[in-house]
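Just protein11.csv here, CSV, C-alpha atoms:
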chain,number,residue,atom,x,y,z
A,1,MET,CA,19.0,-14.6,17.4
A,2,THR,CA,15.8,-14.8,19.4
A,3,PRO,CA,12.9,-12.7,18.2
A,4,SER,CA,11.2,-10.6,20.7
A,5,LEU,CA,7.7,-11.6,19.5
A,6,PRO,CA,6.4,-15.0,18.2
A,7,VAL,CA,7.6,-15.8,14.7
A,8,PRO,CA,4.9,-15.4,12.2
A,9,ALA,CA,4.1,-18.3,10.0
A,10,THR,CA,3.4,-16.0,7.0
A,11,ALA,CA,4.8,-12.6,6.3
A,12,LEU,CA,4.0,-10.1,3.5
A,13,LEU,CA,6.4,-7.4,2.4
A,14,VAL,CA,4.6,-4.6,0.6
A,15,LEU,CA,7.1,-2.6,-1.4
A,16,GLY,CA,6.9,0.9,-2.7
A,17,CYS,CA,8.4,2.5,-5.9
A,18,PRO,CA,12.0,1.4,-6.1
A,19,GLU,CA,13.4,4.9,-6.6
A,20,VAL,CA,14.8,5.0,-3.0
A,21,PRO,CA,17.8,2.6,-3.0
A,22,VAL,CA,17.7,1.4,0.6
A,23,GLN,CA,14.3,-0.3,0.1
A,24,GLN,CA,15.9,-3.1,-2.0
A,25,ALA,CA,18.5,-3.9,0.5
A,26,LEU,CA,16.1,-3.8,3.4
A,27,ALA,CA,13.6,-6.0,1.7
A,28,LEU,CA,16.2,-8.7,1.1
A,29,HIS,CA,17.5,-8.3,4.7
A,30,ILE,CA,14.1,-8.6,6.2
A,31,ALA,CA,13.2,-11.6,4.0
A,32,TYR,CA,16.4,-13.3,5.0
A,33,GLN,CA,15.8,-12.7,8.7
A,34,LEU,CA,12.2,-13.8,8.5
A,35,LYS,CA,13.2,-16.9,6.6
A,36,GLN,CA,15.9,-17.7,9.1
A,37,HIS,CA,13.2,-17.6,11.8
A,38,GLY,CA,10.9,-19.9,10.0
A,39,ALA,CA,8.4,-17.6,8.4
A,40,ARG,CA,7.1,-18.0,4.9
A,41,VAL,CA,7.8,-14.7,3.2
A,42,HIS,CA,5.9,-13.2,0.2
A,43,ALA,CA,6.6,-9.9,-1.4
A,44,ALA,CA,4.3,-7.6,-3.4
A,45,GLY,CA,5.2,-4.5,-5.4
A,46,ASN,CA,5.0,-3.0,-8.9
A,47,PRO,CA,6.7,-4.7,-11.8
A,48,ALA,CA,9.8,-2.6,-11.5
A,49,VAL,CA,10.5,-3.5,-7.9
A,50,LEU,CA,9.7,-7.1,-8.5
A,51,ASN,CA,12.2,-7.2,-11.4
A,52,LEU,CA,14.9,-5.7,-9.1
A,53,LEU,CA,14.3,-8.4,-6.6
A,54,LYS,CA,14.3,-11.2,-9.2
A,55,VAL,CA,17.6,-10.0,-10.5
A,56,SER,CA,19.1,-9.7,-7.0
A,57,ASP,CA,17.8,-13.1,-5.9
A,58,PRO,CA,17.9,-15.3,-9.1
A,59,GLU,CA,17.6,-18.6,-7.3
A,60,LYS,CA,14.9,-17.2,-5.0
A,61,HIS,CA,16.8,-17.9,-1.8
A,62,TYR,CA,15.3,-15.0,0.1
A,63,LEU,CA,12.0,-14.3,-1.7
A,64,PRO,CA,10.6,-17.4,-3.3
A,65,GLU,CA,7.3,-15.8,-3.9
A,66,VAL,CA,6.7,-12.3,-5.4
A,67,GLN,CA,3.6,-10.9,-6.8
A,68,VAL,CA,2.2,-7.7,-8.4
A,69,LEU,CA,0.6,-5.6,-5.7
A,70,GLU,CA,-2.8,-5.4,-7.3
A,71,ASN,CA,-3.1,-9.1,-7.5
A,72,CYS,CA,-2.0,-9.5,-3.9
A,73,ILE,CA,-4.6,-7.0,-2.7
A,74,SER,CA,-7.3,-8.9,-4.8
A,75,GLU,CA,-6.3,-12.2,-3.2
A,76,ILE,CA,-6.4,-10.7,0.3
A,77,VAL,CA,-9.8,-9.0,-0.2
A,78,GLU,CA,-11.2,-12.2,-1.7
A,79,LYS,CA,-9.8,-14.3,1.3
A,80,ARG,CA,-7.5,-16.3,-0.9
A,81,ARG,CA,-4.4,-15.0,0.9
A,82,ASN,CA,-3.6,-14.0,4.5
A,83,ALA,CA,-0.5,-12.9,6.4
A,84,GLU,CA,0.2,-12.8,10.2
A,85,LEU,CA,2.8,-10.1,9.7
A,86,CYS,CA,2.6,-7.3,7.1
A,87,ILE,CA,5.6,-5.0,6.6
A,88,VAL,CA,4.9,-2.0,4.4
A,89,PHE,CA,7.7,0.3,3.0
A,90,ALA,CA,6.6,3.9,2.5
A,91,HIS,CA,8.6,6.8,1.2
A,92,SER,CA,5.6,8.7,-0.2
A,93,ASP,CA,2.0,9.5,0.3
A,94,ALA,CA,1.2,6.4,-1.9
A,95,GLY,CA,3.1,4.2,0.5
A,96,ILE,CA,1.0,5.4,3.4
A,97,SER,CA,-2.2,4.7,1.3
A,98,TYR,CA,-1.0,1.2,0.7
A,99,ALA,CA,-0.3,0.7,4.4
A,100,ALA,CA,-3.8,2.0,5.4
A,101,THR,CA,-5.3,-0.4,2.8
A,102,MET,CA,-3.3,-3.3,4.3
A,103,ARG,CA,-4.5,-2.3,7.8
A,104,HIS,CA,-8.1,-2.4,6.6
A,105,ILE,CA,-7.9,-5.7,4.7
A,106,LEU,CA,-5.6,-7.5,7.1
A,107,PRO,CA,-7.2,-6.4,10.4
A,108,ASP,CA,-5.6,-9.2,12.5
A,109,ALA,CA,-2.1,-8.9,11.1
A,110,ARG,CA,0.8,-7.3,12.9
A,111,LEU,CA,1.4,-4.3,10.7
A,112,VAL,CA,4.8,-2.7,10.7
A,113,LEU,CA,5.2,0.5,8.6
A,114,ILE,CA,8.7,1.4,7.6
A,115,ILE,CA,8.8,5.1,6.8
A,116,PHE,CA,12.0,6.2,5.1
A,117,GLY,CA,13.3,8.4,2.3
A,118,LYS,CA,14.4,12.0,2.3
A,119,ASP,CA,11.6,13.4,4.5
A,120,PRO,CA,10.0,10.7,6.6
A,121,ASP,CA,8.7,13.1,9.2
A,122,ALA,CA,6.3,14.7,6.7
A,123,LEU,CA,4.7,11.3,6.1
A,124,VAL,CA,4.3,10.3,9.8
A,125,ALA,CA,1.5,12.9,10.2
A,126,LEU,CA,-0.6,10.9,7.7
A,127,VAL,CA,-0.5,7.7,9.7
A,128,ASP,CA,-3.8,7.7,11.6
A,129,PHE,CA,-4.4,4.0,11.7
A,130,PRO,CA,-3.0,1.4,14.2
A,131,CYS,CA,0.4,0.1,13.3
A,132,GLU,CA,4.0,0.0,14.5
A,133,THR,CA,6.3,2.5,12.8
A,134,ILE,CA,10.0,2.5,12.1
A,135,ILE,CA,11.0,6.0,11.0
A,136,GLU,CA,14.4,7.0,9.6
A,137,LYS,CA,15.8,9.4,7.1
A,138,ALA,CA,17.4,6.9,4.7
A,139,VAL,CA,18.0,7.1,1.0
A,140,HIS,CA,21.3,5.4,0.1
A,141,ASN,CA,22.7,4.2,3.5
A,142,PRO,CA,20.6,1.4,5.0
A,143,MET,CA,22.6,0.9,8.2
A,144,ALA,CA,20.8,3.1,10.7
A,145,ILE,CA,17.3,2.0,9.6
A,146,LYS,CA,18.5,-1.7,9.5
A,147,LYS,CA,19.5,-1.3,13.1
A,148,LYS,CA,16.1,0.0,14.0
A,149,ILE,CA,14.4,-2.8,12.1
A,150,ASN,CA,16.5,-5.4,13.9
A,151,GLY,CA,15.6,-3.8,17.2
A,152,VAL,CA,11.9,-4.0,16.5
A,153,PHE,CA,12.0,-7.6,15.5
A,154,GLY,CA,14.7,-8.7,18.0
A,155,TRP,CA,17.2,-9.7,15.4
A,156,ALA,CA,20.9,-9.6,16.0
A,157,ALA,CA,22.8,-7.0,14.0
B,1,MET,CA,-4.8,-1.6,-12.1
B,2,GLY,CA,-4.6,-2.0,-15.8
B,3,CYS,CA,-8.4,-2.1,-16.1
B,4,ILE,CA,-8.8,1.4,-14.9
B,5,GLU,CA,-6.0,2.7,-17.0
B,6,ASN,CA,-7.8,1.4,-20.0
B,7,LEU,CA,-10.9,3.3,-19.2
B,8,ALA,CA,-11.7,6.7,-20.9
B,9,TYR,CA,-11.0,8.8,-17.8
B,10,GLU,CA,-10.8,12.5,-17.1
B,11,MET,CA,-7.9,13.6,-14.9
B,12,ILE,CA,-9.5,15.8,-12.2
B,13,LEU,CA,-6.4,16.3,-10.1
B,14,PRO,CA,-2.9,15.7,-11.5
B,15,LEU,CA,-0.5,13.0,-10.7
B,16,GLY,CA,1.1,13.5,-7.3
B,17,ALA,CA,-1.9,14.8,-5.4
B,18,SER,CA,-2.0,13.6,-1.8
B,19,PHE,CA,-4.7,11.3,-0.7
B,20,ARG,CA,-6.1,13.9,1.6
B,21,GLU,CA,-6.2,16.5,-1.2
B,22,CYS,CA,-8.2,14.1,-3.3
B,23,ARG,CA,-10.7,13.4,-0.5
B,24,GLU,CA,-11.1,17.1,0.3
B,25,TYR,CA,-11.5,18.0,-3.3
B,26,VAL,CA,-14.4,15.5,-3.7
B,27,GLU,CA,-16.1,16.8,-0.5
B,28,ARG,CA,-15.8,20.4,-1.6
B,29,ASN,CA,-16.6,20.1,-5.3
B,30,PHE,CA,-19.4,17.5,-5.6
B,31,SER,CA,-22.8,17.8,-4.1
B,32,GLU,CA,-23.2,14.1,-4.2
B,33,PHE,CA,-20.4,12.1,-2.6
B,34,TRP,CA,-20.1,8.7,-0.9
B,35,TYR,CA,-17.7,7.0,1.3
B,36,VAL,CA,-16.1,3.5,1.0
B,37,ASP,CA,-13.3,1.7,2.6
B,38,PRO,CA,-10.1,0.4,1.0
B,39,GLY,CA,-10.8,-2.8,-0.8
B,40,TYR,CA,-14.0,-1.5,-2.2
B,41,LYS,CA,-14.4,-2.8,-5.8
B,42,LEU,CA,-14.8,-0.1,-8.5
B,43,PHE,CA,-14.5,-0.8,-12.2
B,44,ASP,CA,-13.5,-4.3,-11.3
B,45,GLU,CA,-10.5,-3.2,-9.3
B,46,TYR,CA,-10.0,-2.7,-5.5
B,47,ILE,CA,-9.6,0.8,-4.4
B,48,ILE,CA,-6.5,1.8,-2.4
B,49,GLY,CA,-6.3,4.5,0.3
B,50,LEU,CA,-6.8,5.9,3.7
B,51,PRO,CA,-10.3,5.3,4.9
B,52,PRO,CA,-12.8,6.8,4.4
B,53,ILE,CA,-12.3,7.1,0.7
B,54,ALA,CA,-14.6,9.7,-0.9
B,55,LEU,CA,-16.2,9.0,-4.2
B,56,GLY,CA,-17.9,11.9,-6.0
B,57,ILE,CA,-20.8,11.4,-8.4
B,58,ASP,CA,-22.0,14.0,-11.0
B,59,GLY,CA,-24.8,12.4,-13.0
B,60,ALA,CA,-23.2,9.3,-14.5
B,61,LYS,CA,-19.7,10.3,-13.8
B,62,ILE,CA,-17.8,8.8,-10.8
B,63,VAL,CA,-14.8,10.6,-9.4
B,64,PHE,CA,-12.4,8.5,-7.4
B,65,PRO,CA,-8.8,8.3,-6.2
B,66,TYR,CA,-6.4,6.0,-8.0
B,67,THR,CA,-3.1,5.3,-6.4
B,68,LYS,CA,0.1,4.2,-8.1
B,69,PRO,CA,3.2,3.3,-6.1
B,70,CYS,CA,5.6,5.4,-8.1
B,71,HIS,CA,3.5,8.5,-8.5
B,72,GLY,CA,1.0,9.0,-5.8
B,73,THR,CA,-2.7,9.5,-6.2
B,74,TYR,CA,-4.7,10.8,-9.1
B,75,LEU,CA,-8.3,11.8,-8.9
B,76,LEU,CA,-10.0,10.4,-12.0
B,77,GLY,CA,-13.5,10.8,-13.4
B,78,VAL,CA,-15.2,8.1,-15.5
B,79,GLU,CA,-18.6,8.1,-17.1
B,80,ASP,CA,-20.5,5.0,-16.2
B,81,ALA,CA,-24.2,5.2,-15.2
B,82,GLY,CA,-24.4,1.6,-14.1
B,83,GLU,CA,-21.3,1.8,-11.9
B,84,ALA,CA,-22.6,5.1,-10.5
B,85,ASP,CA,-25.9,3.5,-9.5
B,86,ARG,CA,-24.0,0.6,-7.9
B,87,VAL,CA,-22.0,3.1,-5.8
B,88,ARG,CA,-25.2,4.7,-4.7
B,89,LYS,CA,-26.5,1.4,-3.5
B,90,THR,CA,-23.4,0.0,-1.9
B,91,ALA,CA,-21.4,3.0,-0.5
B,92,ARG,CA,-22.3,5.0,2.6
B,93,LYS,CA,-23.1,8.6,3.2
B,94,LYS,CA,-21.3,9.0,6.5
B,95,LYS,CA,-17.6,8.9,7.1

Just dump the structure as structure tokens.
Amino acid sequence: MTPSLPVPATALLVLGCPEVPVQQALALHIAYQLKQHGARVHAAGNPAVLNLLKVSDPEKHYLPEVQVLENCISEIVEKRRNAELCIVFAHSDAGISYAATMRHILPDARLVLIIFGKDPDALVALVDFPCETIIEKAVHNPMAIKKKINGVFGWAA
Amino acid sequence: MGCIENLAYEMILPLGASFRECREYVERNFSEFWYVDPGYKLFDEYIIGLPPIALGIDGAKIVFPYTKPCHGTYLLGVEDAGEADRVRKTARKKK
């Protein structure tokens, strides 16, 4: 399991609204993979998505640190938090707005934008800022998009 | 952004407006508008969005986008003369 790029010391997962089921599975998969490769992983989202993660990972094996998104953004803007890698999940216009915000406040981070849901192509046109994108129509079945994510990061299936 | 939710706000565009719709609405409907970048502090909260973010001002009322992960972006208006003056001093005119 050799990553294609240097392993980041710190990684931030920015999660969208949890209404699309694959997000939860992908977040835990990515957190697991990053942790296996030595990264310190931190996740930010709204209270609903954080509660889902806390219930799924009660002993915090995969995501030891989770935080409300607004607090995370405050800490980054105020230079109290940083991340070498930022992965943003977007299945709506709001998700793209959060990704653009992360691009602006974390200018040196590797930004990977995962665009998924029922109609990801409609969102792609909104992305006019530098980032890597992983695009897949995915609502309930995470397998195809997981394969793409593994490919981008150089993780074994 | 609990702070903004506790303000006496006027809903200019309903929940679910796209970010671009909010920006274009401000540019079309306000003679005074300013631009800021994501992370600009307004009403003690950091603004989210695709830069440049358009803020409209009508007298003492500031019109700004407010994004929530589950719903998209609202365009809100809040009366606050002091904050409007601060925007005039710290935001920019050009995109």

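For chain A, the residues no farther than 9 Å from chain B when using only C-alpha atoms are Leu15, Gly16, Cys17, Pro18, Glu19, Gly45, Asn46, Glu70, Asn71, Ile73, Ser74, Val77, Ser92, Asp93, Ala94, Gly95, Ile96, Ser97, Tyr98, Ala99, Ala100, Thr101, Met102, His104, Ile105, Leu126, Val127, Asp128 and Phe129 of chain A.
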
In Å, with one decimal, what is the gap from atom CA of A:Asp108 to atom CA of A:Leu26?
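It comes out at 24.1 Å.
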
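The set of protein, DNA and RNA residues with any counted atom at most 10 Å from (-23.0, 19.4, -11.9) (only C-alpha atoms) reads Asn29, Phe30, Ser31, Glu32, Ile57, Asp58, Gly59 and Lys61 of chain B.
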
From A:Ala31, A:Ile87, A:Leu12, A:Ala109, residue lying nearest A:Cys72 [all atoms listed in the file]
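Checking each of A:Ala31, A:Ile87, A:Leu12, A:Ala109 against A:Cys72, counting all atoms listed in the file, the winner is A:Leu12.
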
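Reported to one decimal place, the separation of atom CA of A:Leu106 from atom CA of A:Ile76 is 7.6 Å.
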
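The two atoms in question, atom CA of A:His42 and atom CA of A:Phe153, are spaced 17.4 Å apart.
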
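Nearest to B:Leu13 of all the residues B:Ile62, B:Lys89, B:Phe43, B:Val26 is B:Val26, counting all atoms listed in the file.
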
Need the shell around A:Gln23: protein/DNA/RNA residues with any atom at most 10 Å away, counting all atoms listed in the file. Skip same-chain ones fewer than 5 positions apart. Format as a list in words?
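Close residues of A:Gln23: Leu15, Gly16, Cys17, Pro18, Leu28, His29, Val49, Phe89, Ala90, His91, Ile114, Phe116, Gly117, Ala138, Val139, His140 and Pro142 of chain A.
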
When you look at A:Pro64 with a cut-off of 10 Å (counting all atoms listed in the file), what residues show up, excluding the ones that are within fewer than 6 positions of it in the same chain? I need them as a count of residues only.
8

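Excluding B:Leu7 itself and any same-chain residue fewer than 6 positions from it, the protein and nucleic acid residues within 10 Å of it, counting only C-alpha atoms, are Phe43, Gly77, Val78 and Glu79 of chain B.
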
Please list as a list in words every residue within 12 Å of A:Gln36, counting all atoms listed in the file and excluding residues in the same chain fewer than 5 positions away.
Met1, Thr2, Pro3, Val7, Pro8, Ala9, His29, Ile30, Ala31, Val41, His61, Tyr62, Leu63, Trp155 and Ala156 of chain A

Write out the residues from the selection above, keeping C-alpha atoms, as a PDB file, in the coordinates of the input.
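So the final result, stored in selection18.pdb, reads:
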ATOM      1  CA  MET A   1      19.000 -14.600  17.400  1.00  0.00           C
ATOM      2  CA  THR A   2      15.800 -14.800  19.400  1.00  0.00           C
ATOM      3  CA  PRO A   3      12.900 -12.700  18.200  1.00  0.00           C
ATOM      4  CA  VAL A   7       7.600 -15.800  14.700  1.00  0.00           C
ATOM      5  CA  PRO A   8       4.900 -15.400  12.200  1.00  0.00           C
ATOM      6  CA  ALA A   9       4.100 -18.300  10.000  1.00  0.00           C
ATOM      7  CA  HIS A  29      17.500  -8.300   4.700  1.00  0.00           C
ATOM      8  CA  ILE A  30      14.100  -8.600   6.200  1.00  0.00           C
ATOM      9  CA  ALA A  31      13.200 -11.600   4.000  1.00  0.00           C
ATOM     10  CA  VAL A  41       7.800 -14.700   3.200  1.00  0.00           C
ATOM     11  CA  HIS A  61      16.800 -17.900  -1.800  1.00  0.00           C
ATOM     12  CA  TYR A  62      15.300 -15.000   0.100  1.00  0.00           C
ATOM     13  CA  LEU A  63      12.000 -14.300  -1.700  1.00  0.00           C
ATOM     14  CA  TRP A 155      17.200  -9.700  15.400  1.00  0.00           C
ATOM     15  CA  ALA A 156      20.900  -9.600  16.000  1.00  0.00           C
TER      16      ALA A 156
END
